[in-house]
file start29.csv (CSV, C-alpha atoms)
chain,number,residue,atom,x,y,z
A,1,MET,CA,34.2,-29.9,9.8
A,2,PHE,CA,31.2,-27.7,10.1
A,3,GLU,CA,31.5,-24.1,9.2
A,4,ALA,CA,28.4,-23.7,11.5
A,5,MET,CA,30.7,-24.3,14.4
A,6,VAL,CA,31.5,-20.6,14.1
A,7,LYS,CA,28.5,-19.3,16.1
A,8,GLU,CA,26.5,-16.9,14.0
A,9,SER,CA,22.9,-15.9,14.4
A,10,LEU,CA,20.3,-13.3,13.7
A,11,LYS,CA,18.4,-10.8,16.0
A,12,ILE,CA,16.1,-7.9,15.6
A,13,LEU,CA,18.8,-5.3,16.0
A,14,SER,CA,19.7,-1.9,17.3
A,15,GLY,CA,22.9,-0.2,18.3
A,16,GLY,CA,24.6,0.8,15.1
A,17,VAL,CA,27.8,2.9,15.3
A,18,SER,CA,28.6,5.7,13.0
A,19,GLN,CA,32.4,5.6,12.8
A,20,SER,CA,33.7,5.3,9.2
A,21,GLY,CA,35.9,2.3,10.1
A,22,VAL,CA,33.0,0.0,10.7
A,23,ARG,CA,30.8,0.6,7.7
A,24,ASP,CA,30.6,-3.0,6.9
A,25,HIS,CA,29.0,-3.6,10.2
A,26,ASN,CA,26.5,-0.9,9.6
A,27,GLU,CA,25.6,-2.1,6.1
A,28,ARG,CA,25.0,-5.6,7.6
A,29,LEU,CA,22.9,-4.0,10.3
A,30,ILE,CA,20.7,-2.2,7.8
A,31,LEU,CA,20.3,-5.3,5.6
A,32,THR,CA,19.4,-7.3,8.7
A,33,VAL,CA,16.7,-4.8,9.7
A,34,LEU,CA,15.3,-4.9,6.2
A,35,GLN,CA,15.4,-8.7,6.1
A,36,ARG,CA,13.4,-8.9,9.4
A,37,HIS,CA,11.0,-5.9,8.9
A,38,GLY,CA,10.5,-5.8,5.1
A,39,PRO,CA,10.3,-2.5,3.2
A,40,THR,CA,11.2,0.3,5.6
A,41,ALA,CA,11.8,4.0,5.1
A,42,GLY,CA,15.1,5.6,5.9
A,43,ALA,CA,13.9,7.5,9.0
A,44,GLU,CA,12.5,4.3,10.5
A,45,ILE,CA,15.7,2.4,9.7
A,46,ALA,CA,17.6,5.1,11.6
A,47,ARG,CA,15.3,4.7,14.6
A,48,LEU,CA,15.6,0.9,14.6
A,49,THR,CA,19.3,0.9,14.3
A,50,GLY,CA,20.4,3.9,16.3
A,51,LEU,CA,22.4,5.2,13.3
A,52,SER,CA,22.2,8.8,12.3
A,53,PRO,CA,19.8,9.7,9.4
A,54,GLN,CA,22.8,10.9,7.4
A,55,THR,CA,24.7,7.6,7.9
A,56,VAL,CA,21.6,5.6,6.9
A,57,SER,CA,21.1,7.7,3.8
A,58,ILE,CA,24.7,7.3,2.6
A,59,ILE,CA,24.6,3.5,3.1
A,60,LEU,CA,21.2,3.1,1.4
A,61,ARG,CA,22.4,5.0,-1.6
A,62,LYS,CA,25.5,2.8,-1.8
A,63,LEU,CA,23.5,-0.4,-1.5
A,64,GLU,CA,21.0,0.8,-4.1
A,65,LYS,CA,23.8,1.6,-6.5
A,66,ASP,CA,25.2,-1.9,-5.9
A,67,GLU,CA,21.7,-3.3,-6.7
A,68,ILE,CA,21.6,-5.0,-3.3
A,69,LEU,CA,18.6,-2.8,-2.4
A,70,ARG,CA,15.8,-1.3,-4.4
A,71,ARG,CA,13.1,1.3,-3.9
A,72,GLY,CA,9.7,0.0,-2.8
A,73,THR,CA,6.2,1.4,-3.4
A,74,PRO,CA,5.9,5.0,-2.1
A,75,LEU,CA,3.9,5.4,1.2
A,76,ARG,CA,1.2,7.9,0.6
A,77,GLY,CA,-1.6,9.3,2.8
A,78,LYS,CA,0.4,11.6,5.0
A,79,VAL,CA,1.1,15.3,4.8
A,80,GLY,CA,4.1,16.2,2.6
A,81,LYS,CA,6.2,14.2,0.2
A,82,PRO,CA,5.5,10.5,0.0
A,83,SER,CA,7.9,8.3,1.9
A,84,ILE,CA,9.8,5.8,-0.2
A,85,PRO,CA,10.8,2.6,1.7
A,86,MET,CA,13.8,0.6,0.8
A,87,GLU,CA,13.7,-3.2,0.4
A,88,LEU,CA,16.0,-6.1,-0.4
A,89,ASN,CA,16.4,-6.6,-4.1
A,90,PRO,CA,15.6,-10.3,-4.6
A,91,GLU,CA,18.2,-10.5,-7.4
A,92,GLY,CA,20.8,-8.6,-5.3
A,93,THR,CA,22.4,-11.9,-4.5
A,94,LEU,CA,21.6,-15.6,-5.1
A,95,SER,CA,22.7,-18.6,-3.2
A,96,VAL,CA,22.8,-22.4,-3.6
A,97,GLY,CA,21.8,-24.9,-0.9
A,98,MET,CA,21.9,-28.7,-0.8
A,99,LYS,CA,20.1,-30.9,1.7
A,100,ILE,CA,21.6,-34.3,2.2
A,101,GLY,CA,19.0,-36.7,3.6
A,102,ARG,CA,18.8,-40.4,4.3
A,103,ARG,CA,16.8,-41.2,1.2
A,104,SER,CA,17.0,-38.0,-0.9
A,105,ALA,CA,18.9,-34.9,-1.7
A,106,ASP,CA,17.6,-31.5,-2.7
A,107,LEU,CA,19.5,-28.7,-4.5
A,108,LEU,CA,18.0,-25.2,-4.5
A,109,LEU,CA,18.9,-21.8,-5.9
A,110,ILE,CA,17.3,-19.1,-3.7
A,111,ASP,CA,17.2,-15.3,-4.0
A,112,PHE,CA,18.0,-12.7,-1.4
A,113,THR,CA,14.6,-13.0,0.1
A,114,GLY,CA,14.8,-16.8,0.6
A,115,LYS,CA,12.5,-17.6,-2.3
A,116,PRO,CA,13.6,-20.7,-4.3
A,117,ARG,CA,14.1,-19.9,-8.0
A,118,ARG,CA,14.9,-23.4,-9.1
A,119,GLN,CA,15.1,-26.8,-7.4
A,120,LEU,CA,16.3,-30.3,-8.3
A,121,SER,CA,15.9,-33.5,-6.3
A,122,THR,CA,17.3,-37.0,-6.4
A,123,THR,CA,16.6,-40.2,-4.4
A,124,TYR,CA,18.9,-43.1,-3.5
A,125,ASP,CA,19.0,-46.1,-1.2
A,126,TYR,CA,21.8,-44.5,0.8
A,127,PRO,CA,23.6,-41.2,0.4
A,128,LEU,CA,27.1,-42.3,-0.7
A,129,PRO,CA,29.7,-39.5,-1.2
A,130,LYS,CA,30.2,-40.2,-5.0
A,131,ALA,CA,26.5,-39.9,-5.7
A,132,VAL,CA,25.9,-36.9,-3.6
A,133,PHE,CA,28.8,-34.8,-4.9
A,134,GLY,CA,28.0,-36.0,-8.5
A,135,PHE,CA,24.5,-34.7,-8.0
A,136,LEU,CA,25.8,-31.4,-6.7
A,137,GLU,CA,28.2,-30.9,-9.6
A,138,SER,CA,25.7,-31.7,-12.3
A,139,GLY,CA,22.9,-29.9,-10.6
A,140,LEU,CA,24.9,-26.8,-10.0
A,141,GLU,CA,25.6,-26.6,-13.7
A,142,THR,CA,21.9,-27.1,-14.5
A,143,LEU,CA,20.7,-24.5,-12.0
A,144,LEU,CA,23.1,-21.8,-13.1
A,145,SER,CA,22.8,-22.4,-16.8
A,146,GLU,CA,19.3,-21.0,-16.7
A,147,GLU,CA,20.4,-17.7,-15.2
A,148,SER,CA,22.0,-14.7,-17.0
A,149,LYS,CA,25.7,-14.1,-16.7
A,150,LYS,CA,25.0,-11.2,-14.5
A,151,LEU,CA,23.0,-13.3,-12.0
A,152,GLN,CA,25.5,-16.1,-12.2
A,153,ALA,CA,28.1,-13.7,-10.9
A,154,ARG,CA,25.8,-12.8,-8.0
A,155,VAL,CA,25.8,-16.3,-6.6
A,156,CYS,CA,27.5,-15.8,-3.2
A,157,GLY,CA,28.2,-19.4,-2.2
A,158,ILE,CA,27.0,-23.0,-1.6
A,159,GLY,CA,25.5,-24.1,1.7
A,160,ILE,CA,25.4,-27.8,2.5
A,161,GLY,CA,23.0,-29.1,5.2
A,162,THR,CA,24.0,-32.5,6.4
A,163,PRO,CA,23.2,-34.7,9.4
A,164,PHE,CA,25.7,-34.6,12.2
A,165,GLU,CA,28.0,-37.7,12.0
A,166,LEU,CA,26.5,-38.8,8.7
A,167,TRP,CA,28.8,-41.8,8.6
A,168,LYS,CA,26.8,-43.5,11.4
A,169,TRP,CA,23.5,-43.3,9.4
A,170,HIS,CA,23.3,-46.8,8.0
A,171,ASP,CA,22.5,-50.4,8.6
A,172,LEU,CA,24.8,-51.8,5.9
A,173,SER,CA,27.6,-54.4,6.1
A,174,GLY,CA,30.7,-55.3,4.1
A,175,VAL,CA,32.0,-53.2,1.3
A,176,ALA,CA,28.8,-51.0,1.3
A,177,ALA,CA,29.3,-50.2,5.0
A,178,GLU,CA,32.9,-49.2,4.4
A,179,ASN,CA,31.9,-47.0,1.5
A,180,PHE,CA,29.3,-45.3,3.7
A,181,ARG,CA,31.8,-44.8,6.6
A,182,SER,CA,34.0,-42.9,4.2
A,183,TRP,CA,31.9,-39.9,5.0
A,184,LYS,CA,33.9,-39.6,8.2
A,185,ASP,CA,37.0,-38.6,6.2
A,186,VAL,CA,35.2,-36.5,3.5
A,187,ASP,CA,36.4,-32.9,3.3
A,188,PHE,CA,33.3,-31.1,1.9
A,189,PHE,CA,35.3,-28.0,0.9
A,190,SER,CA,37.9,-30.0,-1.1
A,191,GLU,CA,35.3,-32.1,-2.8
A,192,VAL,CA,33.3,-29.0,-4.0
A,193,ALA,CA,36.5,-27.2,-5.0
A,194,LYS,CA,37.1,-29.9,-7.6
A,195,PHE,CA,34.3,-28.4,-9.7
A,196,SER,CA,33.4,-24.9,-8.2
A,197,ASP,CA,35.3,-22.0,-6.8
A,198,LEU,CA,32.2,-20.7,-4.9
A,199,PRO,CA,32.7,-20.5,-1.1
A,200,VAL,CA,31.2,-23.5,0.8
A,201,PHE,CA,29.4,-23.4,4.2
A,202,VAL,CA,28.6,-26.7,5.9
A,203,VAL,CA,25.8,-26.8,8.5
A,204,ASN,CA,23.9,-29.3,10.5
A,205,ASP,CA,20.7,-30.0,8.5
A,206,ALA,CA,18.2,-29.6,11.4
A,207,THR,CA,20.0,-26.4,12.5
A,208,ALA,CA,19.8,-25.2,8.9
A,209,ALA,CA,16.0,-25.9,9.0
A,210,CYS,CA,15.7,-23.8,12.1
A,211,HIS,CA,17.6,-20.9,10.4
A,212,ALA,CA,15.2,-21.1,7.5
A,213,GLU,CA,12.2,-20.8,9.9
A,214,HIS,CA,13.9,-18.0,11.8
A,215,LEU,CA,14.7,-16.0,8.6
A,216,TYR,CA,11.8,-16.7,6.4
A,217,GLY,CA,9.1,-18.3,8.5
A,218,ARG,CA,7.5,-17.6,11.9
A,219,GLY,CA,10.7,-17.2,13.9
A,220,ALA,CA,10.3,-13.5,14.4
A,221,GLU,CA,7.1,-14.1,16.4
A,222,PHE,CA,8.9,-15.4,19.5
A,223,ARG,CA,12.2,-14.5,21.2
A,224,ASP,CA,12.9,-18.0,22.5
A,225,TYR,CA,11.7,-21.2,21.0
A,226,PHE,CA,12.7,-24.8,20.3
A,227,TYR,CA,12.3,-26.1,16.8
A,228,PHE,CA,11.6,-29.8,15.9
A,229,PHE,CA,12.3,-31.0,12.3
A,230,ILE,CA,11.2,-34.6,11.6
A,231,GLY,CA,12.9,-36.1,8.7
A,232,SER,CA,14.1,-39.7,8.3
A,233,MET,CA,15.7,-38.9,11.7
A,234,ILE,CA,14.3,-36.3,14.1
A,235,GLY,CA,16.4,-33.2,14.8
A,236,GLY,CA,16.0,-29.8,16.2
A,237,GLY,CA,17.2,-26.3,16.6
A,238,VAL,CA,17.4,-23.7,19.4
A,239,ALA,CA,16.5,-20.0,19.2
A,240,LEU,CA,17.4,-17.8,22.2
A,241,ASN,CA,17.0,-14.0,22.6
A,242,GLY,CA,15.8,-13.7,19.0
A,243,THR,CA,18.7,-15.6,17.4
A,244,VAL,CA,19.4,-19.2,16.4
A,245,PHE,CA,22.0,-20.7,18.6
A,246,ASP,CA,24.2,-23.2,16.8
A,247,GLY,CA,26.2,-24.4,19.7
A,248,ASN,CA,29.9,-24.7,20.3
A,249,GLN,CA,30.2,-27.6,17.9
A,250,GLY,CA,27.4,-26.7,15.6
A,251,ASN,CA,25.1,-29.4,17.1
A,252,ALA,CA,22.8,-27.5,19.4
A,253,GLY,CA,19.3,-28.9,19.5
A,254,SER,CA,20.4,-32.5,18.9
A,255,LEU,CA,17.2,-33.8,20.6
A,256,GLY,CA,17.3,-37.1,18.7
A,257,ALA,CA,19.7,-38.3,21.4
A,258,MET,CA,17.2,-37.4,24.1
A,259,ARG,CA,16.4,-40.4,26.3
A,260,THR,CA,12.9,-41.8,26.3
A,261,THR,CA,11.2,-45.0,27.4
A,262,GLY,CA,10.2,-47.9,25.2
A,263,PRO,CA,6.9,-49.9,25.5
A,264,SER,CA,8.6,-52.4,27.8
A,265,GLY,CA,10.2,-49.7,30.0
A,266,GLU,CA,13.6,-50.0,28.2
A,267,SER,CA,15.7,-46.9,27.6
A,268,GLN,CA,15.6,-45.5,24.1
A,269,GLN,CA,16.5,-42.4,22.2
A,270,LEU,CA,13.9,-40.1,20.7
A,271,ILE,CA,15.3,-40.7,17.3
A,272,ASP,CA,14.1,-44.3,17.7
A,273,THR,CA,10.5,-43.3,18.6
A,274,ALA,CA,9.7,-40.1,16.6
A,275,SER,CA,11.3,-40.3,13.2
A,276,LEU,CA,10.0,-40.9,9.7
A,277,PHE,CA,12.0,-44.0,9.2
A,278,LEU,CA,9.5,-45.7,11.6
A,279,LEU,CA,6.7,-44.9,9.1
A,280,GLU,CA,8.9,-46.1,6.3
A,281,ASP,CA,9.4,-49.4,8.1
A,282,ARG,CA,5.7,-49.8,8.6
A,283,LEU,CA,5.1,-49.3,4.9
A,284,ILE,CA,7.7,-51.9,4.0
A,285,GLU,CA,6.2,-54.4,6.4
A,286,ALA,CA,2.8,-53.9,4.8
A,287,GLY,CA,4.2,-54.4,1.3
A,288,VAL,CA,3.7,-50.7,0.4
A,289,ALA,CA,6.5,-49.0,-1.6
A,290,PRO,CA,8.0,-46.4,0.7
A,291,GLU,CA,9.1,-44.1,-2.1
A,292,ILE,CA,5.8,-42.3,-1.7
A,293,LEU,CA,7.3,-40.6,1.4
A,294,TRP,CA,9.9,-38.8,-0.7
A,295,LYS,CA,8.1,-38.3,-3.9
A,296,LYS,CA,7.3,-34.7,-4.8
A,297,PRO,CA,4.8,-33.1,-4.8
A,298,GLN,CA,3.9,-34.9,-1.6
A,299,ASP,CA,0.6,-36.7,-1.3
A,300,TRP,CA,0.1,-39.1,1.5
A,301,SER,CA,-3.6,-39.6,1.2
A,302,SER,CA,-3.3,-43.2,-0.1
A,303,ILE,CA,-1.3,-44.2,3.0
A,304,SER,CA,-3.4,-42.5,5.6
A,305,ARG,CA,-4.1,-45.8,7.4
A,306,TYR,CA,-0.4,-46.0,8.2
A,307,VAL,CA,0.2,-42.3,8.8
A,308,GLU,CA,-2.5,-42.0,11.4
A,309,PRO,CA,-0.9,-44.3,14.0
A,310,TRP,CA,2.5,-42.8,13.3
A,311,ILE,CA,1.1,-39.4,14.1
A,312,GLY,CA,-0.4,-40.6,17.4
A,313,THR,CA,2.8,-42.2,18.6
A,314,THR,CA,5.0,-39.3,17.4
A,315,ALA,CA,2.8,-36.7,19.1
A,316,GLN,CA,3.0,-38.4,22.4
A,317,GLU,CA,6.8,-38.5,22.2
A,318,LEU,CA,7.0,-34.9,21.1
A,319,ALA,CA,4.8,-33.8,24.0
A,320,LYS,CA,7.0,-35.5,26.6
A,321,ALA,CA,10.2,-34.2,24.9
A,322,ALA,CA,8.9,-30.6,24.7
A,323,LEU,CA,8.3,-30.5,28.5
A,324,SER,CA,11.7,-32.1,29.1
A,325,ILE,CA,13.3,-29.4,27.0
A,326,CYS,CA,11.4,-26.6,28.8
A,327,ALA,CA,12.7,-28.0,32.1
A,328,VAL,CA,16.1,-26.8,31.0
A,329,ILE,CA,15.2,-23.5,29.3
A,330,ASP,CA,11.7,-22.0,29.6
A,331,PHE,CA,11.1,-21.6,25.9
A,332,GLU,CA,8.1,-19.5,24.9
A,333,ALA,CA,7.2,-21.8,22.0
A,334,ILE,CA,7.8,-25.2,20.4
A,335,PHE,CA,7.7,-25.2,16.6
A,336,ILE,CA,7.1,-28.4,14.7
A,337,ASP,CA,8.0,-29.0,11.1
A,338,GLY,CA,9.1,-31.9,9.0
A,339,ALA,CA,9.5,-33.7,5.6
A,340,PHE,CA,5.7,-34.3,5.3
A,341,PRO,CA,2.7,-32.6,3.7
A,342,PRO,CA,1.2,-29.6,5.5
A,343,GLU,CA,-1.9,-31.4,6.6
A,344,VAL,CA,0.2,-34.0,8.4
A,345,ARG,CA,2.1,-31.2,10.2
A,346,GLU,CA,-1.2,-29.6,11.2
A,347,GLU,CA,-2.6,-32.8,12.6
A,348,LEU,CA,0.7,-33.6,14.4
A,349,VAL,CA,0.6,-30.1,16.1
A,350,ALA,CA,-3.0,-30.5,17.1
A,351,ARG,CA,-2.2,-33.9,18.7
A,352,VAL,CA,0.8,-32.6,20.6
A,353,ARG,CA,-1.3,-29.8,22.0
A,354,ARG,CA,-3.9,-32.3,23.2
A,355,TYR,CA,-1.3,-34.6,24.8
A,356,MET,CA,0.4,-31.7,26.5
A,357,VAL,CA,-2.8,-31.0,28.5
A,358,ASN,CA,-2.6,-34.2,30.5
A,359,GLN,CA,1.2,-34.2,31.0
A,360,ASP,CA,2.7,-33.6,34.5
A,361,LYS,CA,3.7,-29.9,34.3
A,362,ARG,CA,4.6,-29.2,37.9
A,363,GLY,CA,7.3,-26.6,38.1
A,364,LEU,CA,7.1,-25.8,34.4
A,365,ILE,CA,5.7,-23.0,32.3
A,366,PRO,CA,4.1,-24.8,29.4
A,367,PRO,CA,5.2,-23.4,26.0
A,368,VAL,CA,2.7,-22.8,23.2
A,369,VAL,CA,3.0,-25.4,20.4
A,370,GLU,CA,2.9,-24.0,16.9
A,371,ALA,CA,3.2,-25.2,13.3
A,372,ALA,CA,6.3,-24.0,11.6
A,373,ALA,CA,5.8,-22.3,8.2
A,374,VAL,CA,8.6,-23.2,5.8
A,375,GLY,CA,7.9,-26.9,5.5
A,376,ASP,CA,9.7,-29.8,3.7
A,377,ASN,CA,12.1,-27.4,2.0
A,378,ALA,CA,13.4,-25.9,5.3
A,379,ARG,CA,16.7,-27.9,5.4
A,380,GLY,CA,17.6,-26.9,1.8
A,381,ILE,CA,16.5,-23.3,2.2
A,382,GLY,CA,18.3,-23.0,5.5
A,383,ALA,CA,21.5,-24.4,3.9
A,384,ALA,CA,21.3,-22.0,1.1
A,385,SER,CA,20.8,-19.1,3.5
A,386,SER,CA,24.2,-19.8,5.1
A,387,PRO,CA,26.3,-18.0,2.5
A,388,ILE,CA,23.8,-15.0,2.5
A,389,PHE,CA,23.8,-14.8,6.2
A,390,ARG,CA,27.6,-15.0,6.6
A,391,GLN,CA,28.3,-12.4,3.9
A,392,PHE,CA,25.4,-10.0,4.1
A,393,LEU,CA,23.7,-10.1,7.5
A,394,LEU,CA,24.9,-9.3,10.9
A,395,ASN,CA,26.7,-11.8,13.0
A,396,THR,CA,25.3,-10.9,16.4
A,397,ASN,CA,27.1,-13.7,18.2
A,398,ALA,CA,30.3,-11.7,17.6
A,399,GLY,CA,28.9,-9.2,20.2
A,400,LEU,CA,28.5,-6.3,17.7
A,401,SER,CA,24.9,-5.7,18.7
A,402,ARG,CA,22.2,-6.3,21.3
A,403,MET,CA,18.5,-6.5,21.0

call {"tool": "encode", "arguments": {"input": "start29.csv", "output": "structure tokens"}}
result
Amino acid sequence: MFEAMVKESLKILSGGVSQSGVRDHNERLILTVLQRHGPTAGAEIARLTGLSPQTVSIILRKLEKDEILRRGTPLRGKVGKPSIPMELNPEGTLSVGMKIGRRSADLLLIDFTGKPRRQLSTTYDYPLPKAVFGFLESGLETLLSEESKKLQARVCGIGIGTPFELWKWHDLSGVAAENFRSWKDVDFFSEVAKFSDLPVFVVNDATAACHAEHLYGRGAEFRDYFYFFIGSMIGGGVALNGTVFDGNQGNAGSLGAMRTTGPSGESQQLIDTASLFLLEDRLIEAGVAPEILWKKPQDWSSISRYVEPWIGTTAQELAKAALSICAVIDFEAIFIDGAFPPEVREELVARVRRYMVNQDKRGLIPPVVEAAAVGDNARGIGAASSPIFRQFLLNTNAGLSRM
């Protein structure tokens, strides 16, 4: 079901080839370098890619003519003619992304640099197919109606970020449960084809969030890292050798299924001890409307008395999980992000760091624990980046390049 099962990822790249028959590869290589490094002069692009200056010049002219690239601010201060770097044209291509969550869905239109141009959100008790695809259909029309015809034509696809095995995400019974289990037989591509001819890319939502951090956040700072995203249910992503690894079935980093121990010594899954639905349950028990968790802009200051103990428990679980993960692969870093305000993320990271100090780390090289940068929108932005990545950036998992 998941297009993400086709393993694609991104690296800081070199090793271009100059034969005329593989120009598409070289174009993607140059676009990938510009995406990772920002505005870059032609001579530096040639150095980074290994392509000849002539090949780089020809490709840059073509991409500029196609309005995929644009000229940046001239670099002055050196002897001779000022160097003019090339950069991605934000309006060179646009993409749509939808995040399907347990309590809400977000629909975004992003530009070539990953910046959201417009965004719509909806909430529901449970994400039933009819409501979700109805939101996508009406929202798509709303998002695109505000763009010029020229930019509408530059939308390269729709990415959908959805939890793995969504049909199991409920505690319903009767007819409602049957309606929810219908997700198992939903063909995302056929459903979207009923109202749009744009290509569709379906990805795991937590992996999509990891892609967003890798492309537009702090992912370039580390070669290998594990990424936690805490939504209604906790999920994760894996980056190895400078690229996000989706896994053979598009479900790499599914740490929610990691085993942990409950308060009475019973075996549990991490999803049952470090997810936002636990905070939601606390609010409901206290008679507080849980909608505040999903309302935007996010402000949790009025529920801090409930958030504080949740952070403490979650941080302990993340510290243990991080070391378990690093017993398999010695990740340089652990990134933490989620569907919560930035101040909650910062406090959670600080707590995890403190708990890591007293953990048994024999035989392990402790990773650094860092706050991710993209935030609550990571799943939607990551979903929207899928069409851009698949059509404009280099698929390094295909073995075309090495770091």

call {"tool": "atom_distance", "arguments": {"input": "start29.csv", "atom1": "CA of Thr32 (chain A)", "atom2": "CA of Val368 (chain A)"}}
result
27.0 Å

call {"tool": "atom_distance", "arguments": {"input": "start29.csv", "atom1": "CA of Leu215 (chain A)", "atom2": "CA of Thr55 (chain A)"}}
result
25.6 Å

call {"tool": "residues_around", "arguments": {"input": "start29.csv", "residues": "Asp281 (chain A)", "least_positions_apart": "6", "cutoff": "10 Å", "atoms": "only C-alpha atoms", "output": "PyMOL selection string"}}
result
chain A and resi 287-288+290

call {"tool": "closest_residue", "arguments": {"input": "start29.csv", "among": "A:Gly92, A:Gly312, A:Gly38, A:Gly253", "to": "Ile234 (chain A)", "atoms": "all atoms listed in the file"}}
result
A:Gly253

call {"tool": "residues_near_point", "arguments": {"input": "start29.csv", "point": "(16.6, -44.2, 1.8)", "cutoff": "8 Å", "atoms": "only C-alpha atoms", "output": "PDB file with C-alpha atoms, in the frame of the given file"}}
result
ATOM      1  CA  ARG A 102      18.800 -40.400   4.300  1.00  0.00           C
ATOM      2  CA  ARG A 103      16.800 -41.200   1.200  1.00  0.00           C
ATOM      3  CA  SER A 104      17.000 -38.000  -0.900  1.00  0.00           C
ATOM      4  CA  THR A 123      16.600 -40.200  -4.400  1.00  0.00           C
ATOM      5  CA  TYR A 124      18.900 -43.100  -3.500  1.00  0.00           C
ATOM      6  CA  ASP A 125      19.000 -46.100  -1.200  1.00  0.00           C
ATOM      7  CA  TYR A 126      21.800 -44.500   0.800  1.00  0.00           C
ATOM      8  CA  PRO A 127      23.600 -41.200   0.400  1.00  0.00           C
TER       9      PRO A 127
END

call {"tool": "residues_around", "arguments": {"input": "start29.csv", "residues": "Arg70 (chain A)", "least_positions_apart": "3", "cutoff": "6 Å", "atoms": "only C-alpha atoms", "output": "PyMOL selection string"}}
result
chain A and resi 64+86-87+89

call {"tool": "residues_around", "arguments": {"input": "start29.csv", "residues": "Val357 (chain A)", "least_positions_apart": "6", "cutoff": "12 Å", "atoms": "only C-alpha atoms", "output": "MDAnalysis selection string"}}
result
chainID A and resid 316 319:320 323 350:351 366:369

call {"tool": "residues_around", "arguments": {"input": "start29.csv", "residues": "Asp299 (chain A)", "least_positions_apart": "2", "cutoff": "12 Å", "atoms": "all atoms listed in the file", "output": "number ranges by chain"}}
result
A: 291-297, 301-304, 307, 339-344

call {"tool": "write_last_selection", "arguments": {"input": "start29.csv", "atoms": "C-alpha atoms", "output": "tab-separated table (two decimals), in the frame of the given file"}}
result
chain	number	residue	atom	x	y	z
A	291	GLU	CA	9.10	-44.10	-2.10
A	292	ILE	CA	5.80	-42.30	-1.70
A	293	LEU	CA	7.30	-40.60	1.40
A	294	TRP	CA	9.90	-38.80	-0.70
A	295	LYS	CA	8.10	-38.30	-3.90
A	296	LYS	CA	7.30	-34.70	-4.80
A	297	PRO	CA	4.80	-33.10	-4.80
A	301	SER	CA	-3.60	-39.60	1.20
A	302	SER	CA	-3.30	-43.20	-0.10
A	303	ILE	CA	-1.30	-44.20	3.00
A	304	SER	CA	-3.40	-42.50	5.60
A	307	VAL	CA	0.20	-42.30	8.80
A	339	ALA	CA	9.50	-33.70	5.60
A	340	PHE	CA	5.70	-34.30	5.30
A	341	PRO	CA	2.70	-32.60	3.70
A	342	PRO	CA	1.20	-29.60	5.50
A	343	GLU	CA	-1.90	-31.40	6.60
A	344	VAL	CA	0.20	-34.00	8.40

call {"tool": "residues_near_point", "arguments": {"input": "start29.csv", "point": "(13.4, 1.3, 4.0)", "cutoff": "7 Å", "atoms": "all atoms listed in the file", "output": "ChimeraX atom specification"}}
result
/A:34,39-42,45,85-87

call {"tool": "closest_residue", "arguments": {"input": "start29.csv", "among": "A:Leu108, A:Leu94, A:Ala193, A:Leu51", "to": "Asn377 (chain A)", "atoms": "all atoms listed in the file"}}
result
A:Leu108

call {"tool": "closest_residue", "arguments": {"input": "start29.csv", "among": "A:Ala105, A:Glu67, A:Gly97, A:Phe229", "to": "Arg154 (chain A)", "atoms": "all atoms listed in the file"}}
result
A:Glu67

call {"tool": "residues_around", "arguments": {"input": "start29.csv", "residues": "Arg305 (chain A)", "least_positions_apart": "5", "cutoff": "12 Å", "atoms": "all atoms listed in the file", "output": "PDB file with C-alpha atoms, in the coordinates of the input"}}
result
ATOM      1  CA  LEU A 279       6.700 -44.900   9.100  1.00  0.00           C
ATOM      2  CA  ARG A 282       5.700 -49.800   8.600  1.00  0.00           C
ATOM      3  CA  LEU A 283       5.100 -49.300   4.900  1.00  0.00           C
ATOM      4  CA  ALA A 286       2.800 -53.900   4.800  1.00  0.00           C
ATOM      5  CA  VAL A 288       3.700 -50.700   0.400  1.00  0.00           C
ATOM      6  CA  TRP A 300       0.100 -39.100   1.500  1.00  0.00           C
ATOM      7  CA  TRP A 310       2.500 -42.800  13.300  1.00  0.00           C
ATOM      8  CA  ILE A 311       1.100 -39.400  14.100  1.00  0.00           C
ATOM      9  CA  GLY A 312      -0.400 -40.600  17.400  1.00  0.00           C
TER      10      GLY A 312
END

call {"tool": "closest_residue", "arguments": {"input": "start29.csv", "among": "A:Gly157, A:Gly242, A:Pro263, A:Gly250", "to": "Leu140 (chain A)", "atoms": "all atoms listed in the file"}}
result
A:Gly157

call {"tool": "closest_residue", "arguments": {"input": "start29.csv", "among": "A:Ser386, A:Gln268, A:Thr113, A:Asn26", "to": "Ala209 (chain A)", "atoms": "all atoms listed in the file"}}
result
A:Ser386
